[in-house]
Amino acid sequence: MFPREGSILIRNARVSDTDGLVDVLIRSGRITEIGQDLEAPSGVEVLDAEGRLLLPGLVDCHLHLDKTLLGEPWIPLPEAHDLAGRMAASDYVLENVVTFSTAERGAALVRSAAALGTTALRSHVDITPRVGLANLHAILEVREQFRDLVDIQLVAFPQNGILRAPGTEQLLAEALAAGADLIGGIDPGGFDGDVEEHLRVVFSLAAKYDVGIDIHLHDPGHLGAFEIERIAAWTVREGFQGRVAISHAFCLGELPPPEAARLIERLAEAQITIITNGSGHRQIPPLPALWAAGVRVAIGCDNVRDAWWPWGQGDMLERTFLVAYRSGLRTDPELHRVLKSATAEGADLLGVGPYGVEPGARADLILLDVGTAPEAVASHPVPSVVIKAGRVTAREGRLEHT
């Protein structure tokens, strides 16, 4: 689709840490120099930013490429009122209603996200006795198809649980051997009914295949708090500090602040990342408290136009706005900080750094027709230009090539 790395000179860009306009020279996919009136090397493309804001590319740390219905005609969502009901509804739609394959629908979401500024993403892929490794093989094809457009990391995700779905542990092992990058988990207590055994399986597979961990945690209140305590204990005991993420962690926003503060200290000690999508139906983790404690926070779109939620098109800048809105963030420093979660901190979690607008960083960038980073979060415009590894990949929400 694209050459793997490119070279380009961006003129007259606004960088959030500078007052005036600067030039940014990119060679072989990396930023090599930032200054004024830089000389354009022979053969290097020149792009005039015309005063637009230059930011790092967006990093989506929680998607479900195998579940999306993008590309399909509009499909009404079935009635479902709890986790089990939504799982059953999703299975029904994906098995009986869709007309396009998993790979085709996943590719549609990658195209949409990339055109809207996402340059790296993490997707969970269902690994269940019902689907086996079929979804993984499909999304591995998508990852290869778009490897020069977006960095894609895959989580082997036990959507139906591990203990309550016999055979899943072996399937997860096969998924990791087949190319999944991380092992997932889901509600060890509320869903699988045995916190310790669920975590034993997850951490054992992570150690055996030397991969990171990303656990969906929907369980509320004190049950969720207990599970976070146990995930932190397992993380420290097994030496997985810095390699574990908890997605959602709604309980952190549901507990009294003193109890949440104690848990946040445990997360910081264990170097566990919290990933939020700014969900509209539950309390979300308290971002300012997490940041103050030194806990890494990342952001993801989660379900995009699927049988779980009808919303979205993989627009991470819009999602960052929603996270900020739901968190009550309003000052410029707060909006700068939430944007960091959607860019540099997400990139650090995915291991795709160094990331930023500075010499030595990867040239994964977006140009926005706004003046400041806080304005970018508040207005969440479609990027004027998306640059991946020094190559222009999209303009005004449309990919340069398909």
# chains A, B, ... in the order shown; residues from 1 in each chain; ligands from 1
>>> select_by_dssp(residues="range 70-248 of chain A", states="strand (DSSP E)", output="ChimeraX atom specification")
/A:118-126,151-157,182-186,212-217,244-248
>>> residues_around(residues="range 58-61 of chain A", least_positions_apart="5", cutoff="9 Å", atoms="only C-alpha atoms", output="ChimeraX atom specification")
/A:113,116-123,153,275-276,298-302,314,316-317,339,341-347,349-350,364-366
>>> write_last_selection(atoms="N, CA, C and O atoms", output="compact mmCIF listing (two decimals), in the first residue's frame")
# COMPACT_ATOMS: atom_id res chain seq x y z
N ALA A 113 -10.29 4.41 11.02
CA ALA A 113 -9.46 4.93 12.10
C ALA A 113 -8.21 5.61 11.57
O ALA A 113 -7.82 6.68 12.04
N LEU A 116 -8.71 8.99 10.17
CA LEU A 116 -9.02 9.97 11.20
C LEU A 116 -7.88 10.18 12.18
O LEU A 116 -8.08 10.79 13.23
N GLY A 117 -6.69 9.68 11.84
CA GLY A 117 -5.51 10.05 12.61
C GLY A 117 -4.91 8.99 13.50
O GLY A 117 -3.89 9.25 14.16
N THR A 118 -5.48 7.80 13.57
CA THR A 118 -4.89 6.73 14.38
C THR A 118 -3.71 6.12 13.63
O THR A 118 -3.86 5.67 12.49
N THR A 119 -2.56 6.07 14.28
CA THR A 119 -1.36 5.51 13.66
C THR A 119 -0.89 4.23 14.35
O THR A 119 0.00 3.55 13.85
N ALA A 120 -1.48 3.89 15.50
CA ALA A 120 -1.19 2.62 16.19
C ALA A 120 -2.42 2.24 16.99
O ALA A 120 -3.13 3.11 17.51
N LEU A 121 -2.66 0.93 17.12
CA LEU A 121 -3.83 0.50 17.86
C LEU A 121 -3.61 -0.88 18.47
O LEU A 121 -2.78 -1.65 18.02
N ARG A 122 -4.40 -1.15 19.52
CA ARG A 122 -4.46 -2.48 20.14
C ARG A 122 -5.89 -2.98 20.00
O ARG A 122 -6.83 -2.32 20.40
N SER A 123 -6.03 -4.17 19.43
CA SER A 123 -7.35 -4.77 19.27
C SER A 123 -7.43 -6.08 20.04
O SER A 123 -6.53 -6.92 19.95
N GLN A 153 -1.56 -4.20 17.32
CA GLN A 153 -1.21 -5.16 18.36
C GLN A 153 -2.49 -5.92 18.72
O GLN A 153 -3.55 -5.31 18.86
N ILE A 275 -6.81 1.63 31.07
CA ILE A 275 -7.29 2.03 29.74
C ILE A 275 -8.77 2.34 29.86
O ILE A 275 -9.56 1.51 30.33
N THR A 276 -9.17 3.53 29.45
CA THR A 276 -10.58 3.93 29.52
C THR A 276 -11.10 4.33 28.15
O THR A 276 -10.34 4.80 27.30
N ALA A 298 -4.25 5.23 29.39
CA ALA A 298 -4.39 5.22 27.94
C ALA A 298 -5.87 5.24 27.59
O ALA A 298 -6.74 5.03 28.45
N ILE A 299 -6.16 5.51 26.33
CA ILE A 299 -7.55 5.69 25.86
C ILE A 299 -7.79 4.79 24.65
O ILE A 299 -6.89 4.59 23.83
N GLY A 300 -9.00 4.29 24.53
CA GLY A 300 -9.38 3.51 23.36
C GLY A 300 -10.84 3.71 23.02
O GLY A 300 -11.66 4.07 23.88
N CYS A 301 -11.20 3.47 21.77
CA CYS A 301 -12.59 3.61 21.33
C CYS A 301 -13.46 2.44 21.79
O CYS A 301 -14.68 2.57 21.87
N ASP A 302 -12.85 1.28 22.06
CA ASP A 302 -13.57 0.07 22.46
C ASP A 302 -14.48 -0.38 21.32
O ASP A 302 -14.03 -0.51 20.20
N GLY A 314 -14.17 4.95 14.90
CA GLY A 314 -12.75 4.83 15.18
C GLY A 314 -12.05 6.16 15.27
O GLY A 314 -10.84 6.23 15.05
N MET A 316 -10.31 8.67 17.24
CA MET A 316 -9.70 8.76 18.56
C MET A 316 -9.69 10.18 19.11
O MET A 316 -9.69 10.37 20.33
N LEU A 317 -9.68 11.18 18.26
CA LEU A 317 -9.74 12.55 18.77
C LEU A 317 -11.12 12.83 19.36
O LEU A 317 -11.25 13.47 20.41
N LEU A 339 -4.73 14.60 26.18
CA LEU A 339 -4.21 14.33 24.84
C LEU A 339 -2.94 13.48 24.90
O LEU A 339 -2.71 12.63 24.04
N SER A 341 -2.44 11.14 27.02
CA SER A 341 -2.92 9.77 27.19
C SER A 341 -3.31 9.14 25.85
O SER A 341 -3.16 7.93 25.66
N ALA A 342 -3.80 9.96 24.93
CA ALA A 342 -4.24 9.46 23.62
C ALA A 342 -3.11 9.38 22.60
O ALA A 342 -3.34 8.93 21.48
N THR A 343 -1.92 9.82 22.99
CA THR A 343 -0.79 9.81 22.06
C THR A 343 0.42 9.14 22.70
O THR A 343 0.60 7.93 22.59
N ALA A 344 1.23 9.90 23.42
CA ALA A 344 2.51 9.39 23.91
C ALA A 344 2.36 8.25 24.90
O ALA A 344 3.11 7.27 24.85
N GLU A 345 1.38 8.34 25.82
CA GLU A 345 1.24 7.28 26.82
C GLU A 345 0.70 6.01 26.18
O GLU A 345 1.10 4.90 26.55
N GLY A 346 -0.20 6.15 25.22
CA GLY A 346 -0.66 4.98 24.49
C GLY A 346 0.47 4.34 23.69
O GLY A 346 0.60 3.11 23.65
N ALA A 347 1.29 5.17 23.07
CA ALA A 347 2.42 4.65 22.30
C ALA A 347 3.40 3.92 23.21
O ALA A 347 3.95 2.87 22.85
N LEU A 349 2.65 2.38 26.01
CA LEU A 349 2.03 1.10 26.36
C LEU A 349 2.22 0.09 25.24
O LEU A 349 2.53 -1.08 25.49
N LEU A 350 2.03 0.51 23.99
CA LEU A 350 2.15 -0.40 22.86
C LEU A 350 3.59 -0.66 22.44
O LEU A 350 3.85 -1.50 21.58
N ASP A 364 5.11 9.74 13.12
CA ASP A 364 3.68 9.45 13.09
C ASP A 364 2.99 10.71 13.59
O ASP A 364 3.03 11.01 14.80
N LEU A 365 2.33 11.45 12.71
CA LEU A 365 1.91 12.81 13.02
C LEU A 365 0.56 13.12 12.38
O LEU A 365 0.15 12.46 11.42
N ILE A 366 -0.12 14.13 12.94
CA ILE A 366 -1.33 14.66 12.32
C ILE A 366 -1.25 16.18 12.30
O ILE A 366 -0.69 16.80 13.20
>>> closest_residue(among="A:Glu318, A:Asp187, A:Glu334, A:Glu265", to="His216 in chain A", atoms="only C-alpha atoms")
A:Asp187
>>> atom_distance(atom1="CA of Gly371 in chain A", atom2="CA of Asp19 in chain A")
10.4 Å
>>> residues_around(residues="Glu45 in chain A", least_positions_apart="3", cutoff="8 Å", atoms="only C-alpha atoms", output="list in words")
Ser7, Ile8 and Leu9 of chain A
>>> closest_residue(among="A:Leu367, A:Gly328, A:Ala173, A:Cys251", to="Lys208 in chain A", atoms="only C-alpha atoms")
A:Ala173
>>> residues_around(residues="Thr128 in chain A", least_positions_apart="2", cutoff="7 Å", atoms="only C-alpha atoms", output="PyMOL selection string")
chain A and resi 126+130-132+158-160+168
>>> write_last_selection(atoms="N, CA and C atoms", output="mmCIF file, in the first residue's frame")
data_model
loop_
_atom_site.group_PDB
_atom_site.id
_atom_site.type_symbol
_atom_site.label_atom_id
_atom_site.label_comp_id
_atom_site.auth_asym_id
_atom_site.auth_seq_id
_atom_site.Cartn_x
_atom_site.Cartn_y
_atom_site.Cartn_z
ATOM 1 N N ASP A 126 -11.705 -12.057 19.900
ATOM 2 C CA ASP A 126 -12.376 -13.122 20.644
ATOM 3 C C ASP A 126 -11.736 -14.479 20.377
ATOM 4 N N ARG A 130 -16.533 -21.394 20.672
ATOM 5 C CA ARG A 130 -17.490 -21.243 19.575
ATOM 6 C C ARG A 130 -16.808 -20.811 18.284
ATOM 7 N N VAL A 131 -15.848 -19.880 18.370
ATOM 8 C CA VAL A 131 -15.201 -19.368 17.149
ATOM 9 C C VAL A 131 -13.789 -19.905 16.975
ATOM 10 N N GLY A 132 -13.226 -20.535 18.013
ATOM 11 C CA GLY A 132 -11.860 -21.039 17.908
ATOM 12 C C GLY A 132 -10.887 -19.915 17.603
ATOM 13 N N PRO A 158 -10.505 -13.829 25.924
ATOM 14 C CA PRO A 158 -11.497 -14.872 26.239
ATOM 15 C C PRO A 158 -12.864 -14.266 26.527
ATOM 16 N N GLN A 159 -13.565 -13.835 25.501
ATOM 17 C CA GLN A 159 -14.832 -13.118 25.663
ATOM 18 C C GLN A 159 -15.845 -13.902 26.491
ATOM 19 N N ASN A 160 -15.844 -15.226 26.390
ATOM 20 C CA ASN A 160 -16.810 -16.042 27.133
ATOM 21 C C ASN A 160 -16.258 -16.551 28.454
ATOM 22 N N THR A 168 -10.986 -23.177 26.574
ATOM 23 C CA THR A 168 -10.492 -21.846 26.236
ATOM 24 C C THR A 168 -9.018 -21.679 26.581
#
>>> closest_residue(among="A:Ala206, A:Ala389, A:Ala292, A:Ile274", to="Ile31 in chain A", atoms="only C-alpha atoms")
A:Ala389
>>> residues_around(residues="range 377-384 of chain A", least_positions_apart="3", cutoff="9 Å", atoms="only C-alpha atoms", output="JSON list (two decimals) with N, CA, C and O atoms, in the first residue's frame")
[["chain", "number", "residue", "atom", "x", "y", "z"],
["A", 52, "ARG", "N", -0.99, 25.20, 10.52],
["A", 52, "ARG", "CA", -1.78, 24.21, 11.25],
["A", 52, "ARG", "C", -0.97, 23.61, 12.41],
["A", 52, "ARG", "O", 0.25, 23.62, 12.41],
["A", 115, "ALA", "N", -7.70, 6.98, 8.61],
["A", 115, "ALA", "CA", -8.02, 8.24, 7.94],
["A", 115, "ALA", "C", -8.31, 9.36, 8.93],
["A", 115, "ALA", "O", -8.14, 10.53, 8.60],
["A", 116, "LEU", "N", -8.71, 8.99, 10.17],
["A", 116, "LEU", "CA", -9.02, 9.97, 11.20],
["A", 116, "LEU", "C", -7.88, 10.18, 12.18],
["A", 116, "LEU", "O", -8.08, 10.79, 13.23],
["A", 117, "GLY", "N", -6.69, 9.68, 11.84],
["A", 117, "GLY", "CA", -5.51, 10.05, 12.61],
["A", 117, "GLY", "C", -4.91, 8.99, 13.50],
["A", 117, "GLY", "O", -3.89, 9.25, 14.16],
["A", 315, "ASP", "N", -12.77, 7.22, 15.62],
["A", 315, "ASP", "CA", -12.21, 8.58, 15.69],
["A", 315, "ASP", "C", -11.64, 8.80, 17.09],
["A", 315, "ASP", "O", -12.36, 9.11, 18.04],
["A", 316, "MET", "N", -10.31, 8.67, 17.24],
["A", 316, "MET", "CA", -9.70, 8.76, 18.56],
["A", 316, "MET", "C", -9.69, 10.18, 19.11],
["A", 316, "MET", "O", -9.69, 10.37, 20.33],
["A", 317, "LEU", "N", -9.68, 11.18, 18.26],
["A", 317, "LEU", "CA", -9.74, 12.55, 18.77],
["A", 317, "LEU", "C", -11.12, 12.83, 19.36],
["A", 317, "LEU", "O", -11.25, 13.47, 20.41],
["A", 318, "GLU", "N", -12.14, 12.33, 18.71],
["A", 318, "GLU", "CA", -13.49, 12.43, 19.26],
["A", 318, "GLU", "C", -13.59, 11.66, 20.58],
["A", 318, "GLU", "O", -14.20, 12.13, 21.56],
["A", 319, "ARG", "N", -12.98, 10.48, 20.65],
["A", 319, "ARG", "CA", -13.01, 9.70, 21.88],
["A", 319, "ARG", "C", -12.28, 10.42, 23.01],
["A", 319, "ARG", "O", -12.72, 10.40, 24.16],
["A", 320, "THR", "N", -11.18, 11.10, 22.68],
["A", 320, "THR", "CA", -10.44, 11.85, 23.70],
["A", 320, "THR", "C", -11.30, 12.99, 24.24],
["A", 320, "THR", "O", -11.31, 13.27, 25.44],
["A", 321, "PHE", "N", -12.03, 13.65, 23.36],
["A", 321, "PHE", "CA", -13.00, 14.66, 23.78],
["A", 321, "PHE", "C", -14.01, 14.07, 24.76],
["A", 321, "PHE", "O", -14.33, 14.66, 25.81],
["A", 324, "ALA", "N", -12.45, 13.40, 28.15],
["A", 324, "ALA", "CA", -12.26, 14.67, 28.86],
["A", 324, "ALA", "C", -13.58, 15.21, 29.37],
["A", 324, "ALA", "O", -13.68, 15.68, 30.51],
["A", 325, "TYR", "N", -14.60, 15.15, 28.54],
["A", 325, "TYR", "CA", -15.93, 15.64, 28.92],
["A", 325, "TYR", "C", -16.48, 14.86, 30.11],
["A", 325, "TYR", "O", -16.97, 15.45, 31.09],
["A", 330, "ARG", "N", -11.34, 20.67, 32.00],
["A", 330, "ARG", "CA", -11.71, 21.91, 31.32],
["A", 330, "ARG", "C", -10.55, 22.88, 31.13],
["A", 330, "ARG", "O", -10.60, 23.71, 30.23],
["A", 335, "LEU", "N", -6.45, 19.47, 29.49],
["A", 335, "LEU", "CA", -6.69, 19.00, 28.13],
["A", 335, "LEU", "C", -5.38, 18.58, 27.45],
["A", 335, "LEU", "O", -5.35, 17.63, 26.67],
["A", 336, "HIS", "N", -4.28, 19.29, 27.77],
["A", 336, "HIS", "CA", -2.98, 18.82, 27.31],
["A", 336, "HIS", "C", -2.72, 17.41, 27.84],
["A", 336, "HIS", "O", -2.21, 16.53, 27.12],
["A", 338, "VAL", "N", -4.84, 15.00, 28.90],
["A", 338, "VAL", "CA", -5.64, 13.92, 28.34],
["A", 338, "VAL", "C", -5.19, 13.60, 26.92],
["A", 338, "VAL", "O", -5.22, 12.43, 26.50],
["A", 339, "LEU", "N", -4.73, 14.60, 26.18],
["A", 339, "LEU", "CA", -4.21, 14.33, 24.84],
["A", 339, "LEU", "C", -2.94, 13.48, 24.90],
["A", 339, "LEU", "O", -2.71, 12.63, 24.04],
["A", 366, "ILE", "N", -0.12, 14.13, 12.94],
["A", 366, "ILE", "CA", -1.33, 14.66, 12.32],
["A", 366, "ILE", "C", -1.25, 16.18, 12.30],
["A", 366, "ILE", "O", -0.69, 16.80, 13.20],
["A", 367, "LEU", "N", -1.80, 16.76, 11.25],
["A", 367, "LEU", "CA", -1.95, 18.21, 11.14],
["A", 367, "LEU", "C", -3.42, 18.56, 11.30],
["A", 367, "LEU", "O", -4.30, 17.96, 10.65],
["A", 368, "LEU", "N", -3.70, 19.53, 12.20],
["A", 368, "LEU", "CA", -5.07, 19.93, 12.50],
["A", 368, "LEU", "C", -5.23, 21.42, 12.27],
["A", 368, "LEU", "O", -4.34, 22.20, 12.61],
["A", 369, "ASP", "N", -6.38, 21.80, 11.78],
["A", 369, "ASP", "CA", -6.65, 23.20, 11.51],
["A", 369, "ASP", "C", -7.18, 23.89, 12.77],
["A", 369, "ASP", "O", -8.30, 24.39, 12.82],
["A", 370, "VAL", "N", -6.34, 23.87, 13.83],
["A", 370, "VAL", "CA", -6.62, 24.54, 15.10],
["A", 370, "VAL", "C", -5.32, 25.19, 15.58],
["A", 370, "VAL", "O", -4.24, 24.89, 15.06],
["A", 373, "ALA", "N", -3.32, 22.55, 21.31],
["A", 373, "ALA", "CA", -3.72, 21.19, 21.66],
["A", 373, "ALA", "C", -5.04, 21.15, 22.43],
["A", 373, "ALA", "O", -5.90, 20.29, 22.15],
["A", 374, "PRO", "N", -5.26, 22.03, 23.41],
["A", 374, "PRO", "CA", -6.57, 22.03, 24.07],
["A", 374, "PRO", "C", -7.73, 22.25, 23.10],
["A", 374, "PRO", "O", -8.78, 21.64, 23.23],
["A", 394, "ALA", "N", -3.22, 10.14, 4.66],
["A", 394, "ALA", "CA", -4.61, 10.58, 4.55],
["A", 394, "ALA", "C", -4.68, 12.09, 4.52],
["A", 394, "ALA", "O", -3.82, 12.78, 5.09],
["A", 395, "ARG", "N", -5.70, 12.60, 3.87],
["A", 395, "ARG", "CA", -5.99, 14.04, 3.83],
["A", 395, "ARG", "C", -7.49, 14.23, 4.01],
["A", 395, "ARG", "O", -8.29, 13.57, 3.34],
["A", 396, "GLU", "N", -7.84, 15.14, 4.93],
["A", 396, "GLU", "CA", -9.24, 15.52, 5.15],
["A", 396, "GLU", "C", -10.16, 14.31, 5.35],
["A", 396, "GLU", "O", -11.27, 14.25, 4.85],
["A", 397, "GLY", "N", -9.67, 13.32, 6.12],
["A", 397, "GLY", "CA", -10.49, 12.17, 6.46],
["A", 397, "GLY", "C", -10.57, 11.09, 5.41],
["A", 397, "GLY", "O", -11.37, 10.16, 5.53]]
>>> residues_around(residues="range 138-140 of chain A", least_positions_apart="3", cutoff="6 Å", atoms="only C-alpha atoms", output="MDAnalysis selection string")
chainID A and resid 103 135 143
>>> write_last_selection(atoms="C-alpha atoms", output="short mmCIF file (atom, residue, chain, number, x, y, z; two decimals), in the first residue's frame")
data_model
loop_
_atom_site.label_atom_id
_atom_site.label_comp_id
_atom_site.auth_asym_id
_atom_site.auth_seq_id
_atom_site.Cartn_x
_atom_site.Cartn_y
_atom_site.Cartn_z
CA ALA A 103 -11.50 -9.54 7.75
CA ASN A 135 -11.33 -14.39 14.25
CA ARG A 143 -2.72 -6.60 10.42
#
>>> residues_around(residues="range 219-229 of chain A", least_positions_apart="3", cutoff="9 Å", atoms="only C-alpha atoms", output="count of residues only")
22
>>> closest_residue(among="A:Arg326, A:His248, A:Arg200, A:His81", to="Val297 in chain A", atoms="only C-alpha atoms")
A:His248
>>> closest_residue(among="A:Arg237, A:Arg282, A:Arg362, A:Arg230", to="His218 in chain A", atoms="only C-alpha atoms")
A:Arg282
>>> closest_residue(among="A:Ala84, A:Ile213, A:Leu136, A:Val150", to="Asp192 in chain A", atoms="only C-alpha atoms")
A:Ala84
>>> select_by_dssp(residues="range 144-380 of chain A", states="alpha helix (DSSP H)", output="PyMOL selection string")
chain A and resi 144-145+168-178+195-209+221-237+251-254+257-270+287-293+316-326+332-342+344-350+373-379
>>> write_last_selection(atoms="C-alpha atoms", output="mmCIF file, in the first residue's frame")
data_model
loop_
_atom_site.group_PDB
_atom_site.id
_atom_site.type_symbol
_atom_site.label_atom_id
_atom_site.label_comp_id
_atom_site.auth_asym_id
_atom_site.auth_seq_id
_atom_site.Cartn_x
_atom_site.Cartn_y
_atom_site.Cartn_z
ATOM 1 C CA GLU A 144 -0.530 -7.752 7.548
ATOM 2 C CA GLN A 145 -2.650 -5.930 4.961
ATOM 3 C CA THR A 168 -10.492 -21.846 26.236
ATOM 4 C CA GLU A 169 -7.151 -22.100 28.062
ATOM 5 C CA GLN A 170 -5.755 -24.335 25.313
ATOM 6 C CA LEU A 171 -7.187 -22.063 22.616
ATOM 7 C CA LEU A 172 -5.533 -19.037 24.235
ATOM 8 C CA ALA A 173 -2.200 -20.856 24.182
ATOM 9 C CA GLU A 174 -2.698 -21.666 20.502
ATOM 10 C CA ALA A 175 -3.609 -18.045 19.782
ATOM 11 C CA LEU A 176 -0.407 -16.800 21.394
ATOM 12 C CA ALA A 177 1.603 -19.344 19.415
ATOM 13 C CA ALA A 178 -0.182 -18.214 16.228
ATOM 14 C CA VAL A 195 -10.450 -14.842 40.795
ATOM 15 C CA GLU A 196 -7.311 -16.803 41.681
ATOM 16 C CA GLU A 197 -7.706 -19.558 39.110
ATOM 17 C CA HIS A 198 -8.551 -17.094 36.345
ATOM 18 C CA LEU A 199 -5.469 -15.025 37.147
ATOM 19 C CA ARG A 200 -3.324 -18.150 37.440
ATOM 20 C CA VAL A 201 -4.223 -19.096 33.869
ATOM 21 C CA VAL A 202 -3.647 -15.581 32.545
ATOM 22 C CA PHE A 203 -0.297 -15.028 34.256
ATOM 23 C CA SER A 204 0.908 -18.570 33.479
ATOM 24 C CA LEU A 205 0.249 -18.106 29.770
ATOM 25 C CA ALA A 206 1.833 -14.644 29.850
ATOM 26 C CA ALA A 207 4.973 -16.074 31.419
ATOM 27 C CA LYS A 208 5.124 -19.079 29.100
ATOM 28 C CA TYR A 209 4.812 -16.974 25.937
ATOM 29 C CA GLY A 221 -17.632 -1.557 43.466
ATOM 30 C CA HIS A 222 -15.957 -3.710 46.055
ATOM 31 C CA LEU A 223 -15.774 -6.825 43.881
ATOM 32 C CA GLY A 224 -13.889 -4.853 41.252
ATOM 33 C CA ALA A 225 -11.685 -3.356 43.977
ATOM 34 C CA PHE A 226 -10.807 -6.816 45.290
ATOM 35 C CA GLU A 227 -9.925 -7.957 41.765
ATOM 36 C CA ILE A 228 -7.644 -4.955 41.251
ATOM 37 C CA GLU A 229 -5.889 -5.826 44.529
ATOM 38 C CA ARG A 230 -5.359 -9.382 43.323
ATOM 39 C CA ILE A 231 -4.227 -8.346 39.833
ATOM 40 C CA ALA A 232 -1.681 -6.016 41.446
ATOM 41 C CA ALA A 233 -0.482 -8.767 43.782
ATOM 42 C CA TRP A 234 -0.063 -11.233 40.917
ATOM 43 C CA THR A 235 1.703 -8.578 38.852
ATOM 44 C CA VAL A 236 4.318 -7.899 41.513
ATOM 45 C CA ARG A 237 4.756 -11.541 42.508
ATOM 46 C CA CYS A 251 -15.008 0.344 40.047
ATOM 47 C CA LEU A 252 -12.360 3.053 40.511
ATOM 48 C CA GLY A 253 -15.003 5.651 39.719
ATOM 49 C CA GLU A 254 -17.671 3.984 41.836
ATOM 50 C CA PRO A 257 -12.456 8.567 47.062
ATOM 51 C CA PRO A 258 -10.393 7.239 50.028
ATOM 52 C CA GLU A 259 -10.916 3.636 48.906
ATOM 53 C CA ALA A 260 -10.164 4.522 45.293
ATOM 54 C CA ALA A 261 -6.996 6.328 46.422
ATOM 55 C CA ARG A 262 -5.733 3.198 48.163
ATOM 56 C CA LEU A 263 -6.296 1.137 45.026
ATOM 57 C CA ILE A 264 -4.616 3.752 42.873
ATOM 58 C CA GLU A 265 -1.531 3.504 45.090
ATOM 59 C CA ARG A 266 -1.486 -0.254 44.443
ATOM 60 C CA LEU A 267 -1.762 0.342 40.700
ATOM 61 C CA ALA A 268 1.155 2.767 40.827
ATOM 62 C CA GLU A 269 3.302 0.351 42.826
ATOM 63 C CA ALA A 270 2.599 -2.463 40.361
ATOM 64 C CA LEU A 287 -8.103 10.448 35.668
ATOM 65 C CA PRO A 288 -6.638 13.354 37.700
ATOM 66 C CA ALA A 289 -6.095 11.060 40.699
ATOM 67 C CA LEU A 290 -4.461 8.404 38.508
ATOM 68 C CA TRP A 291 -2.157 10.936 36.880
ATOM 69 C CA ALA A 292 -1.224 12.463 40.242
ATOM 70 C CA ALA A 293 -0.195 9.021 41.504
ATOM 71 C CA MET A 316 -9.702 8.758 18.561
ATOM 72 C CA LEU A 317 -9.741 12.551 18.774
ATOM 73 C CA GLU A 318 -13.490 12.425 19.263
ATOM 74 C CA ARG A 319 -13.008 9.701 21.879
ATOM 75 C CA THR A 320 -10.439 11.848 23.697
ATOM 76 C CA PHE A 321 -12.996 14.661 23.780
ATOM 77 C CA LEU A 322 -15.544 12.263 25.312
ATOM 78 C CA VAL A 323 -13.087 11.068 27.969
ATOM 79 C CA ALA A 324 -12.255 14.673 28.855
ATOM 80 C CA TYR A 325 -15.929 15.636 28.922
ATOM 81 C CA ARG A 326 -16.929 12.725 31.137
ATOM 82 C CA ASP A 332 -5.649 23.889 29.245
ATOM 83 C CA PRO A 333 -3.236 21.809 31.390
ATOM 84 C CA GLU A 334 -5.926 19.146 31.849
ATOM 85 C CA LEU A 335 -6.687 19.003 28.125
ATOM 86 C CA HIS A 336 -2.977 18.815 27.305
ATOM 87 C CA ARG A 337 -2.749 15.922 29.758
ATOM 88 C CA VAL A 338 -5.636 13.921 28.345
ATOM 89 C CA LEU A 339 -4.208 14.331 24.841
ATOM 90 C CA LYS A 340 -0.947 12.844 26.119
ATOM 91 C CA SER A 341 -2.917 9.766 27.186
ATOM 92 C CA ALA A 342 -4.238 9.465 23.620
ATOM 93 C CA ALA A 344 2.512 9.393 23.907
ATOM 94 C CA GLU A 345 1.243 7.276 26.815
ATOM 95 C CA GLY A 346 -0.656 4.981 24.485
ATOM 96 C CA ALA A 347 2.421 4.649 22.303
ATOM 97 C CA ASP A 348 4.509 3.817 25.364
ATOM 98 C CA LEU A 349 2.026 1.103 26.355
ATOM 99 C CA LEU A 350 2.149 -0.402 22.858
ATOM 100 C CA ALA A 373 -3.717 21.187 21.657
ATOM 101 C CA PRO A 374 -6.571 22.026 24.070
ATOM 102 C CA GLU A 375 -8.570 23.367 21.137
ATOM 103 C CA ALA A 376 -7.880 20.109 19.286
ATOM 104 C CA VAL A 377 -9.462 18.127 22.131
ATOM 105 C CA ALA A 378 -12.412 20.489 22.531
ATOM 106 C CA SER A 379 -13.297 20.717 18.830
#
>>> atom_distance(atom1="CA of Arg147 in chain A", atom2="CA of Val211 in chain A")
20.2 Å
>>> atom_distance(atom1="CA of Leu149 in chain A", atom2="CA of Lys388 in chain A")
6.5 Å
